[in-house]
$ cat coords.cif   # mmCIF, C-alpha atoms and all ligand atoms
data_work
#
loop_
_atom_site.label_atom_id
_atom_site.label_comp_id
_atom_site.auth_asym_id
_atom_site.auth_seq_id
_atom_site.Cartn_x
_atom_site.Cartn_y
_atom_site.Cartn_z
CA MET A 1 0.00 0.00 0.00
CA ALA A 2 1.31 3.45 -0.88
CA LEU A 3 1.72 6.20 1.71
CA ARG A 4 -1.57 7.97 2.14
CA ILE A 5 -2.41 11.06 4.13
CA VAL A 6 -6.04 11.46 5.08
CA ALA A 7 -6.50 15.07 6.10
CA THR A 8 -9.03 17.86 6.05
CA ARG A 9 -6.87 19.77 3.58
CA PRO A 10 -3.47 19.34 1.95
CA TYR A 11 -0.47 19.67 4.25
CA PRO A 12 2.48 19.48 1.82
CA ASP A 13 4.96 19.94 4.67
CA LEU A 14 3.87 16.66 6.21
CA LEU A 15 5.13 14.78 3.15
CA THR A 16 8.65 15.85 3.97
CA LEU A 17 8.66 13.83 7.21
CA PRO A 18 10.43 10.43 7.23
CA TRP A 19 7.32 8.25 7.39
CA GLN A 20 9.38 5.21 6.33
CA LEU A 21 11.07 5.24 9.75
CA PRO A 22 9.48 4.15 13.03
CA LEU A 23 8.62 7.27 15.01
CA GLU A 24 11.12 6.24 17.66
CA ASP A 25 13.97 6.56 15.15
CA TRP A 26 13.17 10.06 13.95
CA GLY A 27 16.21 12.28 14.14
CA ALA A 28 16.73 14.98 16.72
CA ASP A 29 16.79 17.59 13.94
CA LEU A 30 13.04 17.09 13.45
CA LEU A 31 12.04 16.90 17.07
CA VAL A 32 11.06 19.83 19.19
CA ALA A 33 12.03 19.82 22.82
CA LEU A 34 8.81 20.81 24.53
CA PRO A 35 7.21 19.26 27.58
CA GLN A 36 5.09 16.22 26.91
CA GLY A 37 2.85 14.11 29.08
CA ILE A 38 3.41 10.44 29.72
CA SER A 39 1.91 8.24 27.03
CA ARG A 40 1.49 4.57 26.16
CA HIS A 41 2.07 5.23 22.49
CA VAL A 42 5.14 6.75 20.94
CA VAL A 43 4.30 10.44 20.58
CA ARG A 44 6.71 13.01 19.15
CA LEU A 45 6.48 16.72 18.74
CA VAL A 46 7.98 17.60 15.37
CA ARG A 47 8.57 20.56 13.12
CA ALA A 48 7.46 20.45 9.49
CA GLY A 49 7.73 23.66 7.51
CA GLN A 50 6.72 26.53 9.78
CA ASP A 51 4.47 24.49 12.00
CA LEU A 52 4.73 22.15 14.95
CA TYR A 53 2.79 18.93 15.06
CA ALA A 54 2.26 16.09 17.49
CA VAL A 55 2.61 12.68 15.85
CA LYS A 56 1.25 9.57 17.55
CA GLU A 57 1.86 6.06 16.27
CA THR A 58 -1.15 3.90 16.91
CA ARG A 59 -3.23 1.04 15.55
CA PRO A 60 -5.17 1.75 12.33
CA ARG A 61 -8.65 1.61 13.78
CA MET A 62 -7.63 3.76 16.73
CA ALA A 63 -5.99 6.42 14.60
CA PHE A 64 -9.09 6.99 12.49
CA ARG A 65 -11.39 6.77 15.44
CA GLU A 66 -9.50 9.37 17.41
CA TYR A 67 -9.17 11.58 14.35
CA GLY A 68 -12.95 11.45 13.87
CA THR A 69 -13.66 12.08 17.54
CA LEU A 70 -11.38 15.11 17.69
CA ARG A 71 -13.05 16.51 14.60
CA ASP A 72 -16.50 16.01 16.11
CA LEU A 73 -15.48 17.64 19.37
CA ARG A 74 -14.01 20.64 17.60
CA ARG A 75 -17.11 21.00 15.50
CA LEU A 76 -19.07 21.10 18.73
CA GLY A 77 -16.90 24.00 19.86
CA LEU A 78 -14.95 22.24 22.59
CA PRO A 79 -11.38 23.15 23.45
CA VAL A 80 -9.52 20.17 22.02
CA VAL A 81 -6.34 19.87 20.01
CA GLU A 82 -6.77 20.27 16.27
CA PRO A 83 -6.65 17.02 14.30
CA VAL A 84 -4.64 17.31 11.11
CA GLY A 85 -4.83 13.86 9.63
CA VAL A 86 -3.88 10.21 9.64
CA VAL A 87 -0.85 8.92 7.77
CA GLU A 88 -1.21 5.32 6.70
CA GLY A 89 0.37 2.86 4.31
CA ARG A 90 3.75 3.42 5.94
CA THR A 91 6.44 0.90 5.06
CA THR A 92 10.15 0.80 5.86
CA ASP A 93 12.71 0.78 3.07
CA GLY A 94 12.99 -2.94 3.73
CA GLY A 95 9.28 -3.36 3.02
CA ASP A 96 8.04 -3.86 6.61
CA GLU A 97 4.71 -2.32 7.50
CA LEU A 98 4.60 0.46 10.08
CA GLU A 99 1.67 1.56 12.22
CA PRO A 100 -0.31 4.57 11.02
CA ALA A 101 0.21 7.91 12.68
CA LEU A 102 -2.32 10.38 13.97
CA VAL A 103 -1.16 13.94 13.46
CA THR A 104 -2.50 16.88 15.46
CA ARG A 105 -1.39 20.47 15.46
CA HIS A 106 0.74 21.27 18.47
CA LEU A 107 -1.23 23.56 20.76
CA ARG A 108 0.90 26.66 21.14
CA PHE A 109 1.88 27.90 24.58
CA SER A 110 0.40 24.86 26.21
CA LEU A 111 1.79 22.53 28.83
CA PRO A 112 0.46 19.18 29.90
CA TYR A 113 -1.06 19.47 33.37
CA ARG A 114 1.54 17.00 34.53
CA SER A 115 4.30 19.50 33.75
CA VAL A 116 2.41 22.30 35.45
CA PHE A 117 2.24 20.18 38.60
CA ALA A 118 5.81 18.95 38.25
CA HIS A 119 7.36 22.37 38.00
CA GLY A 120 6.77 23.84 41.37
CA LEU A 121 3.07 24.69 41.18
CA ARG A 122 2.26 25.92 44.66
CA ALA A 123 -0.95 25.60 46.64
CA GLU A 124 -1.85 29.28 46.08
CA SER A 125 -1.87 28.89 42.32
CA LEU A 126 -3.76 25.64 42.46
CA PRO A 127 -7.36 26.95 42.43
CA ARG A 128 -7.21 28.63 39.01
CA VAL A 129 -5.39 25.71 37.46
CA ILE A 130 -7.97 23.33 38.89
CA ASP A 131 -10.87 25.54 37.88
CA ALA A 132 -9.73 25.45 34.28
CA LEU A 133 -9.79 21.65 34.43
CA ALA A 134 -13.23 21.61 36.06
CA VAL A 135 -14.57 23.97 33.42
CA LEU A 136 -13.23 21.74 30.66
CA LEU A 137 -14.78 18.62 32.12
CA VAL A 138 -18.13 20.31 32.65
CA ARG A 139 -18.12 21.48 29.04
CA VAL A 140 -17.06 18.07 27.77
CA HIS A 141 -19.84 16.39 29.76
CA LEU A 142 -22.43 18.95 28.75
CA THR A 143 -21.68 18.09 25.16
CA GLY A 144 -22.30 14.41 25.88
CA PHE A 145 -18.70 13.25 25.69
CA PHE A 146 -17.63 10.42 27.94
CA TRP A 147 -13.88 10.85 28.17
CA GLY A 148 -12.82 7.66 29.85
CA ASP A 149 -9.25 8.78 30.60
CA VAL A 150 -9.04 12.16 32.30
CA SER A 151 -5.50 12.50 33.56
CA LEU A 152 -2.76 15.06 34.09
CA SER A 153 -1.14 13.89 30.84
CA ASN A 154 -4.31 14.03 28.80
CA VAL A 155 -5.18 17.64 29.54
CA LEU A 156 -3.19 20.62 28.35
CA PHE A 157 -3.06 23.84 30.31
CA ARG A 158 -2.83 27.10 28.48
CA ARG A 159 -2.59 30.66 29.62
CA SER A 160 -3.37 33.29 27.09
CA ALA A 161 -4.50 36.92 27.26
CA GLY A 162 -5.48 36.63 30.89
CA GLU A 163 -7.51 33.47 30.41
CA PHE A 164 -6.65 30.08 31.81
CA ALA A 165 -7.92 27.24 29.74
CA ALA A 166 -7.65 23.48 29.73
CA TYR A 167 -7.68 21.52 26.48
CA LEU A 168 -8.47 17.91 25.84
CA VAL A 169 -5.55 16.23 24.13
CA ASP A 170 -6.23 12.51 24.16
CA ALA A 171 -9.65 11.42 22.89
CA GLU A 172 -8.78 7.82 22.20
CA THR A 173 -10.92 6.27 24.91
CA GLY A 174 -13.86 8.64 24.56
CA ASN A 175 -17.31 8.36 23.09
CA LEU A 176 -19.83 10.95 22.09
CA TYR A 177 -23.45 10.44 23.21
CA PRO A 178 -26.53 12.58 22.74
CA LYS A 179 -26.47 13.08 26.50
CA LEU A 180 -24.51 11.57 29.37
CA SER A 181 -26.23 9.67 32.15
CA GLU A 182 -25.44 10.35 35.80
CA GLY A 183 -23.67 6.99 35.83
CA GLN A 184 -21.42 7.92 32.94
CA ARG A 185 -20.50 11.20 34.55
CA SER A 186 -19.62 9.59 37.84
CA GLU A 187 -17.60 6.93 36.07
CA ASP A 188 -15.54 9.64 34.39
CA ILE A 189 -15.07 11.33 37.76
CA GLU A 190 -13.94 8.05 39.32
CA ILE A 191 -11.39 7.60 36.54
CA LEU A 192 -10.21 11.15 37.09
CA ARG A 193 -9.79 10.47 40.82
CA LEU A 194 -7.77 7.32 40.26
CA ASN A 195 -5.58 8.75 37.51
CA ILE A 196 -4.82 12.11 39.04
CA PHE A 197 -4.30 10.77 42.55
CA GLY A 198 -1.87 8.19 41.16
CA GLU A 199 -0.06 10.74 39.05
CA CYS A 200 0.32 13.12 41.98
CA LEU A 201 1.74 10.30 44.11
CA ASP A 202 4.24 9.51 41.36
CA LEU A 203 5.29 13.13 41.16
CA GLN A 204 5.56 13.26 44.93
CA ALA A 205 7.72 10.14 45.00
CA ALA A 206 9.99 11.71 42.42
CA GLU A 207 10.11 14.86 44.58
CA LEU A 208 8.58 16.89 41.81
CA LEU A 209 5.43 17.95 43.61
CA HIS A 210 5.60 21.11 45.73
CA GLU A 211 5.41 20.19 49.39
CA SER A 212 2.38 22.42 49.94
CA ILE A 213 0.33 20.23 47.62
CA ASP A 214 -1.44 17.20 48.97
CA PRO A 215 -2.59 14.67 46.35
CA GLU A 216 -5.78 13.78 48.16
CA MET A 217 -6.69 17.42 48.54
CA VAL A 218 -6.01 18.05 44.85
CA VAL A 219 -8.40 15.33 43.77
CA ASP A 220 -11.11 16.28 46.27
CA ASP A 221 -10.82 19.88 45.20
CA ILE A 222 -11.15 19.13 41.50
CA VAL A 223 -14.21 16.99 42.11
CA ALA A 224 -15.84 19.50 44.47
CA ARG A 225 -15.33 22.33 42.02
CA TYR A 226 -16.57 20.23 39.15
CA ASP A 227 -19.71 19.27 41.10
CA ARG A 228 -20.56 22.82 42.06
CA LEU A 229 -19.95 24.11 38.60
CA TRP A 230 -21.96 21.31 37.04
CA HIS A 231 -24.90 22.11 39.26
CA GLU A 232 -24.77 25.83 38.63
CA VAL A 233 -24.41 25.44 34.91
CA THR A 234 -26.98 22.74 34.33
CA TYR A 235 -29.86 23.16 36.70
CA GLU A 236 -33.15 24.23 35.08
CA GLN A 237 -31.23 24.22 31.88
CA GLU A 238 -33.83 22.48 29.81
CA ILE A 239 -36.70 24.63 31.02
CA ALA A 240 -38.09 26.54 28.10
CA ARG A 241 -39.19 30.00 28.98
CA PRO A 242 -38.95 33.52 27.69
CA ALA A 243 -36.02 35.68 28.65
CA ALA A 244 -35.72 35.70 32.40
CA ARG A 245 -33.14 38.33 33.13
CA HIS A 246 -33.28 37.89 36.84
CA ASP A 247 -32.51 34.19 36.54
CA ILE A 248 -29.49 34.71 34.36
CA GLU A 249 -28.23 37.42 36.61
CA GLY A 250 -28.65 35.20 39.65
CA ARG A 251 -26.79 32.39 38.04
CA ILE A 252 -23.88 34.61 37.11
CA ARG A 253 -23.72 36.01 40.61
CA ARG A 254 -23.68 32.57 42.17
CA LEU A 255 -20.94 31.44 39.83
CA ASN A 256 -18.92 34.46 40.89
CA GLU A 257 -19.66 33.83 44.56
CA LEU A 258 -18.71 30.17 44.39
CA GLY A 259 -15.18 31.40 44.52
CA PHE A 260 -14.58 30.29 40.99
CA ASP A 261 -12.72 33.05 39.39
CA VAL A 262 -15.07 32.39 36.56
CA ALA A 263 -16.19 35.15 34.32
CA GLU A 264 -17.39 36.15 30.91
CA VAL A 265 -20.36 33.89 31.08
CA ALA A 266 -21.33 33.41 27.50
CA MET A 267 -24.91 32.45 26.99
CA SER A 268 -26.86 31.28 24.06
CA THR A 269 -30.47 30.37 23.70
CA VAL A 270 -30.65 26.60 23.80
CA ASP A 271 -34.05 24.97 23.55
CA GLY A 272 -35.55 28.26 24.68
CA GLY A 273 -33.46 28.20 27.87
CA TYR A 274 -30.02 29.48 28.69
CA ARG A 275 -26.66 27.89 28.81
CA VAL A 276 -23.90 29.52 30.75
CA ARG A 277 -20.31 28.95 29.88
CA PRO A 278 -17.82 30.00 32.46
CA LYS A 279 -14.20 30.83 31.98
CA VAL A 280 -11.25 31.00 34.29
CA VAL A 281 -9.39 34.26 34.20
CA ASP A 282 -6.42 36.06 35.63
CA ALA A 283 -6.39 39.11 37.85
CA GLY A 284 -7.10 42.28 35.91
CA TYR A 285 -8.87 40.42 33.16
CA HIS A 286 -12.22 42.17 33.61
CA THR A 287 -10.68 45.61 33.64
CA ARG A 288 -8.90 44.88 30.38
CA ARG A 289 -11.94 43.33 28.72
CA LEU A 290 -14.22 46.21 29.71
CA LEU A 291 -11.72 48.73 28.43
CA ARG A 292 -11.34 46.91 25.15
CA LEU A 293 -15.09 46.55 24.60
CA THR A 294 -16.43 49.84 25.89
CA GLY A 295 -13.55 52.21 26.55
CA LEU A 296 -14.69 52.38 30.20
CA ASP A 297 -11.96 52.17 32.79
CA ALA A 298 -12.98 50.53 36.05
CA GLU A 299 -11.39 48.57 38.83
CA GLU A 300 -11.61 44.81 38.66
CA ASN A 301 -14.74 44.23 40.75
CA GLN A 302 -16.69 47.03 39.14
CA ALA A 303 -15.60 45.86 35.73
CA ARG A 304 -16.77 42.33 36.47
CA GLN A 305 -20.23 43.57 37.44
CA LEU A 306 -20.51 45.83 34.44
CA LEU A 307 -19.48 42.97 32.19
CA ASN A 308 -21.99 40.64 33.80
CA ASP A 309 -24.68 43.15 32.94
CA LEU A 310 -23.34 43.48 29.43
CA ASP A 311 -23.22 39.72 28.96
CA THR A 312 -26.75 39.32 30.28
CA TYR A 313 -27.90 42.03 27.92
CA ARG A 314 -26.13 40.32 25.06
CA ALA A 315 -27.70 36.95 25.85
CA GLU A 316 -31.13 38.51 26.13
CA SER A 317 -30.91 40.39 22.89
CA ASP A 318 -29.40 37.36 21.17
CA LEU A 319 -26.52 39.34 19.73
CA SER A 320 -23.63 37.14 18.78
CA ASP A 321 -21.16 39.88 17.96
CA GLU A 322 -19.48 40.94 21.17
CA GLN A 323 -18.30 44.33 19.94
CA GLN A 324 -21.71 45.23 18.56
CA ALA A 325 -23.43 44.11 21.75
CA ALA A 326 -21.00 46.18 23.80
CA HIS A 327 -21.72 49.27 21.74
CA ARG A 328 -25.46 48.84 22.07
CA TRP A 329 -25.23 48.16 25.78
CA LEU A 330 -23.16 51.31 26.24
CA THR A 331 -25.55 53.54 24.34
CA GLU A 332 -28.85 51.89 25.28
CA VAL A 333 -28.23 50.81 28.85
CA PHE A 334 -25.18 52.36 30.46
CA GLU A 335 -25.38 55.92 29.19
CA PRO A 336 -29.14 56.40 29.72
CA VAL A 337 -28.81 55.17 33.30
CA VAL A 338 -25.94 57.52 34.04
CA ARG A 339 -27.79 60.41 32.35
CA ALA A 340 -30.82 59.71 34.51
CA VAL A 341 -28.81 60.76 37.53
CA PRO A 342 -29.27 64.54 38.02
CA ALA A 343 -26.08 66.54 37.54
CA ASN A 344 -25.93 67.65 41.17
CA LEU A 345 -25.95 64.01 42.30
CA ARG A 346 -23.64 62.83 39.55
CA ARG A 347 -20.57 64.41 41.08
CA LYS A 348 -20.96 62.21 44.14
CA LEU A 349 -19.69 59.16 42.33
CA GLU A 350 -18.03 58.34 39.08
CA PRO A 351 -20.34 56.92 36.38
CA GLN A 352 -18.94 53.37 36.55
CA GLU A 353 -19.55 53.29 40.28
CA ILE A 354 -23.05 54.76 39.96
CA PHE A 355 -23.96 52.14 37.40
CA THR A 356 -22.49 49.32 39.50
CA GLN A 357 -24.45 50.48 42.53
CA ILE A 358 -27.64 50.74 40.51
CA ILE A 359 -27.37 47.19 39.22
CA GLN A 360 -26.67 46.06 42.76
CA HIS A 361 -29.75 47.95 43.95
CA LYS A 362 -31.85 46.57 41.12
CA TRP A 363 -30.75 43.09 42.09
CA LEU A 364 -31.93 43.57 45.69
CA LEU A 365 -35.27 44.97 44.55
CA SER A 366 -35.70 42.11 42.08
CA GLU A 367 -34.85 39.53 44.73
CA ARG A 368 -37.55 40.99 46.94
CA ALA A 369 -40.04 41.04 44.08
CA GLY A 370 -39.06 37.60 42.81
CA ARG A 371 -38.71 38.91 39.28
CA ASP A 372 -36.72 41.43 37.30
CA VAL A 373 -38.04 44.86 38.28
CA GLY A 374 -36.52 46.61 35.28
CA MET A 375 -33.97 49.36 35.04
CA ALA A 376 -36.16 52.48 35.21
CA PRO A 377 -37.79 51.77 38.59
CA ALA A 378 -34.45 50.65 39.98
CA VAL A 379 -32.79 53.91 38.93
CA GLN A 380 -35.60 55.93 40.46
CA SER A 381 -35.50 54.06 43.72
CA TYR A 382 -31.73 54.30 43.87
CA LEU A 383 -31.82 58.06 43.39
CA THR A 384 -34.47 58.74 45.98
CA ASP A 385 -33.59 56.11 48.55
CA VAL A 386 -29.85 55.70 48.29
CA LEU A 387 -27.85 58.32 46.46
CA VAL A 388 -29.34 61.48 47.96
CA LYS A 389 -28.47 60.20 51.40
CA LYS A 390 -24.79 59.84 50.60
CA PRO A 391 -22.65 62.79 51.64
CA ASP A 392 -20.35 63.86 48.83
CA GLU A 393 -17.13 63.00 50.56
CA GLN A 394 -18.36 59.61 51.70
CA ALA A 395 -19.50 58.83 48.22
CA VAL A 396 -16.15 59.80 46.79
CA LEU A 397 -13.87 58.24 49.35
CA GLY A 398 -16.07 55.33 50.30
CA VAL A 399 -15.60 56.17 54.00
CA GLU A 400 -16.49 59.01 56.35
CA VAL A 401 -13.86 61.72 56.40
CA SER A 402 -13.85 61.71 60.22
CA SER A 403 -12.84 58.03 60.29
CA LEU A 404 -9.76 58.88 58.26
CA ALA A 405 -8.57 61.51 60.70
CA GLY A 406 -6.22 59.45 62.83
CA GLY A 407 -5.18 57.03 60.14
CA VAL A 408 -3.89 59.28 57.40
N1 LIG B 501 -1.63 18.52 19.71
C1 LIG B 501 -0.82 18.48 20.78
N2 LIG B 501 -0.35 19.63 21.31
C2 LIG B 501 0.46 19.61 22.40
N3 LIG B 501 0.84 18.48 23.01
C3 LIG B 501 0.42 17.31 22.52
C4 LIG B 501 -0.46 17.24 21.40
N4 LIG B 501 -0.72 15.94 21.15
C5 LIG B 501 -0.05 15.23 22.07
N5 LIG B 501 0.64 16.03 22.91
C6 LIG B 501 1.51 15.63 24.02
O1 LIG B 501 1.81 14.26 23.88
C7 LIG B 501 1.41 13.56 25.03
C8 LIG B 501 0.91 12.17 24.66
O2 LIG B 501 -0.18 12.24 23.76
P1 LIG B 501 -1.46 11.30 23.95
O3 LIG B 501 -2.02 11.51 25.30
O4 LIG B 501 -2.37 11.51 22.80
O5 LIG B 501 -0.78 9.85 23.88
P2 LIG B 501 -1.40 8.45 24.36
O6 LIG B 501 -0.36 7.43 24.12
O7 LIG B 501 -2.72 8.25 23.72
O8 LIG B 501 -1.61 8.64 25.89
P3 LIG B 501 -2.32 7.59 26.90
O9 LIG B 501 -1.22 6.83 27.52
O10 LIG B 501 -2.98 8.51 27.87
O11 LIG B 501 -3.27 6.78 26.11
C9 LIG B 501 0.37 14.40 25.70
O12 LIG B 501 0.38 14.22 27.10
C10 LIG B 501 0.81 15.81 25.35
O13 LIG B 501 1.74 16.28 26.28
MG MG B 502 -2.51 10.30 26.75
#

$ encode --input "coords.cif" --output "structure tokens" --more "lines below"
Ligand SMILES: Nc1ncnc2c1ncn2[C@@H]1O[C@H](COP(=O)(O)OP(=O)(O)OP(=O)(O)O)[C@@H](O)[C@H]1O
Ligand SMILES: [Mg+2]
Amino acid sequence: MALRIVATRPYPDLLTLPWQLPLEDWGADLLVALPQGISRHVVRLVRAGQDLYAVKETRPRMAFREYGTLRDLRRLGLPVVEPVGVVEGRTTDGGDELEPALVTRHLRFSLPYRSVFAHGLRAESLPRVIDALAVLLVRVHLTGFFWGDVSLSNVLFRRSAGEFAAYLVDAETGNLYPKLSEGQRSEDIEILRLNIFGECLDLQAAELLHESIDPEMVVDDIVARYDRLWHEVTYEQEIARPAARHDIEGRIRRLNELGFDVAEVAMSTVDGGYRVRPKVVDAGYHTRRLLRLTGLDAEENQARQLLNDLDTYRAESDLSDEQQAAHRWLTEVFEPVVRAVPANLRRKLEPQEIFTQIIQHKWLLSERAGRDVGMAPAVQSYLTDVLVKKPDEQAVLGVEVSSLAGGV
């Protein structure tokens, strides 16, 4: 059989690779020295042309199966490595058959979780790293994918533009279903527990795990965060109903309060309901995103609340374009609310802070009413019941001037 490359599009550079040699014998000139997880198969990171690829030698049926699965998962919008193709019909110069190879594009700036743990990750940094993994697994499960082999080597960690994301790298054992049963989800979680606990113990034995990290705690933490996130993201999900702003807002708030540094909750109308998609982000992320989208400068907490409102608005109005939604939110929501504050009251607080306080106030009123009370009544009530009572200096400094006397 002649060498054949099954791929989504032509990759001429791949033809230059020495497919007639077993992967193990490929020369150092082709290989790229980047961290790799532990694997049963021979896997090599190689350079071909301008690009880096991961090449995995595997049995024929497995190669095509994994290639197909990765393509399906990408089509469904999940963060997984990009499948490039399968190379088959490999023979040595002596005429011996070689196993086919699955080729994926190397995910730039990524590290296998195993390397993240092995290189001095300390307990303080653990939550965000774990949250990214929990978010990935929730998304994978929501899509109906049973993974079957969650491990520190099968997940890649990537930090980019203030976001922390986990990517699925090894789909060999997985299966896509229309929907996962509770049993399938808990089986995946059990596998995760076994794998990750074992891997952490190995790292610990090799003195690669930071002493502040306890393997049992790591596993319990991942599972606890996964469970809470799963609940918050899925409950009532299938309920069809018209836009329920208060519900979306509540869900976003709870996600924030869960201690997940989860933000930018993207929502889309699914079966008439809402689906929230959390992200894990770095400090300062909200400030930067708000500035980029609206030109408003705000401190991190304010920015997060403003963005939550923007995202809710975007979900409600079914606008897919983020920039367009931001512009409309600014002109149709933010600016009118700020303008509604009489000039003499406006100097008490800066516009971002006024708006943040108004959405907070609206939330309290809506909680009491059990429904979304709407912006106009909330603004009115805020002006008459809250803002007028704030002395200027308290509003500006956030504290009474007298309390500063001794301390400054
Ligand atoms: N596209 C890619 N981008 C970055 N790294 C990759 C990519 N593909 C594979 N790797 C690296 O190679 C390692 C092994 O790949 P993979 O998990 O697919 O092999 P495997 O033999 O199927 O593993 P297992 O033993 O879990 O079955 C991964 O842990 C990862 O570090
Ligand atoms: Mg693997």

$ residues_near_ligand --input "coords.cif" --ligand "ligand LIG 501 (chain B)" --cutoff "7 Å" --atoms "only C-alpha atoms and all ligand atoms" --output "PyMOL selection string"
chain A and resi 35-44+53-54+56+81-82+104-107+110-112+149+153-156+169-170+172

$ closest_residue --input "coords.cif" --among "A:Leu319, A:Leu194, A:Leu349, A:Leu168" --to "ligand MG 502 (chain B)" --atoms "only C-alpha atoms and all ligand atoms"
A:Leu168

$ closest_residue --input "coords.cif" --among "A:Arg304, A:His119, A:Arg74, A:Arg114" --to "ligand MG 502 (chain B)" --atoms "all atoms listed in the file"
A:Arg114

$ atom_distance --input "coords.cif" --atom1 "CA of Phe164 (chain A)" --atom2 "CA of Glu190 (chain A)"
24.4 Å

$ residues_around --input "coords.cif" --residues "Asn195 (chain A)" --least-positions-apart "4" --cutoff "9 Å" --atoms "all atoms listed in the file" --output "PyMOL selection string"
chain A and resi 149-152+190-191+199-200

$ atom_distance --input "coords.cif" --atom1 "CA of Leu383 (chain A)" --atom2 "CA of Ala340 (chain A)"
9.1 Å

$ residues_near_point --input "coords.cif" --point "(-28.2, 39.9, 35.7)" --cutoff "7 Å" --atoms "all atoms listed in the file" --output "PDB file with C-alpha atoms, in the coordinates of the input"
ATOM      1  CA  ARG A 245     -33.140  38.330  33.130  1.00  0.00           C
ATOM      2  CA  HIS A 246     -33.280  37.890  36.840  1.00  0.00           C
ATOM      3  CA  ILE A 248     -29.490  34.710  34.360  1.00  0.00           C
ATOM      4  CA  GLU A 249     -28.230  37.420  36.610  1.00  0.00           C
ATOM      5  CA  GLY A 250     -28.650  35.200  39.650  1.00  0.00           C
ATOM      6  CA  ILE A 252     -23.880  34.610  37.110  1.00  0.00           C
ATOM      7  CA  ASN A 308     -21.990  40.640  33.800  1.00  0.00           C
ATOM      8  CA  ASP A 309     -24.680  43.150  32.940  1.00  0.00           C
ATOM      9  CA  THR A 312     -26.750  39.320  30.280  1.00  0.00           C
TER      10      THR A 312
END

$ residues_around --input "coords.cif" --residues "Asp96 (chain A)" --least-positions-apart "3" --cutoff "12 Å" --atoms "all atoms listed in the file" --output "ChimeraX atom specification"
/A:1,20-22,89-93,99

$ write_last_selection --input "coords.cif" --atoms "C-alpha atoms" --output "short mmCIF file (atom, residue, chain, number, x, y, z; two decimals), in the frame of the given file"
data_model
loop_
_atom_site.label_atom_id
_atom_site.label_comp_id
_atom_site.auth_asym_id
_atom_site.auth_seq_id
_atom_site.Cartn_x
_atom_site.Cartn_y
_atom_site.Cartn_z
CA MET A 1 0.00 0.00 0.00
CA GLN A 20 9.38 5.21 6.33
CA LEU A 21 11.07 5.24 9.75
CA PRO A 22 9.48 4.15 13.03
CA GLY A 89 0.37 2.86 4.31
CA ARG A 90 3.75 3.42 5.94
CA THR A 91 6.44 0.90 5.06
CA THR A 92 10.15 0.80 5.86
CA ASP A 93 12.71 0.78 3.07
CA GLU A 99 1.67 1.56 12.22
#

$ closest_residue --input "coords.cif" --among "A:Trp147, A:Ile354, A:Asn344, A:Tyr382" --to "ligand MG 502 (chain B)" --atoms "all atoms listed in the file"
A:Trp147

$ closest_residue --input "coords.cif" --among "A:Phe157, A:Phe355, A:Tyr177, A:Phe146" --to "Val280 (chain A)" --atoms "only C-alpha atoms"
A:Phe157

$ atom_distance --input "coords.cif" --atom1 "CA of Thr234 (chain A)" --atom2 "CA of Ser181 (chain A)"
13.3 Å

$ closest_residue --input "coords.cif" --among "A:Glu316, A:Gly295, A:Ala171, A:Ala33" --to "ligand MG 502 (chain B)" --atoms "all atoms listed in the file"
A:Ala171

$ closest_residue --input "coords.cif" --among "A:Ala2, A:Glu367, A:Arg47, A:Gly174" --to "ligand MG 502 (chain B)" --atoms "all atoms listed in the file"
A:Gly174

$ residues_around --input "coords.cif" --residues "Leu291 (chain A)" --least-positions-apart "2" --cutoff "12 Å" --atoms "only C-alpha atoms" --output "list in words"
Gly284, Tyr285, His286, Thr287, Arg288, Arg289, Leu293, Thr294, Gly295, Leu296, Asp297, Ala298, Glu299, Glu300, Gln302, Ala303, Arg304, Leu306, Leu307, Gln323, Ala326, Leu330 and Gln352 of chain A

$ write_last_selection --input "coords.cif" --atoms "C-alpha atoms" --output "compact mmCIF listing (two decimals), keeping the file's coordinate frame"
# COMPACT_ATOMS: atom_id res chain seq x y z
CA GLY A 284 -7.10 42.28 35.91
CA TYR A 285 -8.87 40.42 33.16
CA HIS A 286 -12.22 42.17 33.61
CA THR A 287 -10.68 45.61 33.64
CA ARG A 288 -8.90 44.88 30.38
CA ARG A 289 -11.94 43.33 28.72
CA LEU A 293 -15.09 46.55 24.60
CA THR A 294 -16.43 49.84 25.89
CA GLY A 295 -13.55 52.21 26.55
CA LEU A 296 -14.69 52.38 30.20
CA ASP A 297 -11.96 52.17 32.79
CA ALA A 298 -12.98 50.53 36.05
CA GLU A 299 -11.39 48.57 38.83
CA GLU A 300 -11.61 44.81 38.66
CA GLN A 302 -16.69 47.03 39.14
CA ALA A 303 -15.60 45.86 35.73
CA ARG A 304 -16.77 42.33 36.47
CA LEU A 306 -20.51 45.83 34.44
CA LEU A 307 -19.48 42.97 32.19
CA GLN A 323 -18.30 44.33 19.94
CA ALA A 326 -21.00 46.18 23.80
CA LEU A 330 -23.16 51.31 26.24
CA GLN A 352 -18.94 53.37 36.55

$ residues_around --input "coords.cif" --residues "Arg59 (chain A)" --least-positions-apart "3" --cutoff "9 Å" --atoms "all atoms listed in the file" --output "JSON list (two decimals) with C-alpha atoms, in the coordinates of the input"
[["chain", "number", "residue", "atom", "x", "y", "z"],
["A", 62, "MET", "CA", -7.63, 3.76, 16.73],
["A", 63, "ALA", "CA", -5.99, 6.42, 14.60],
["A", 64, "PHE", "CA", -9.09, 6.99, 12.49],
["A", 99, "GLU", "CA", 1.67, 1.56, 12.22],
["A", 100, "PRO", "CA", -0.31, 4.57, 11.02],
["A", 101, "ALA", "CA", 0.21, 7.91, 12.68]]
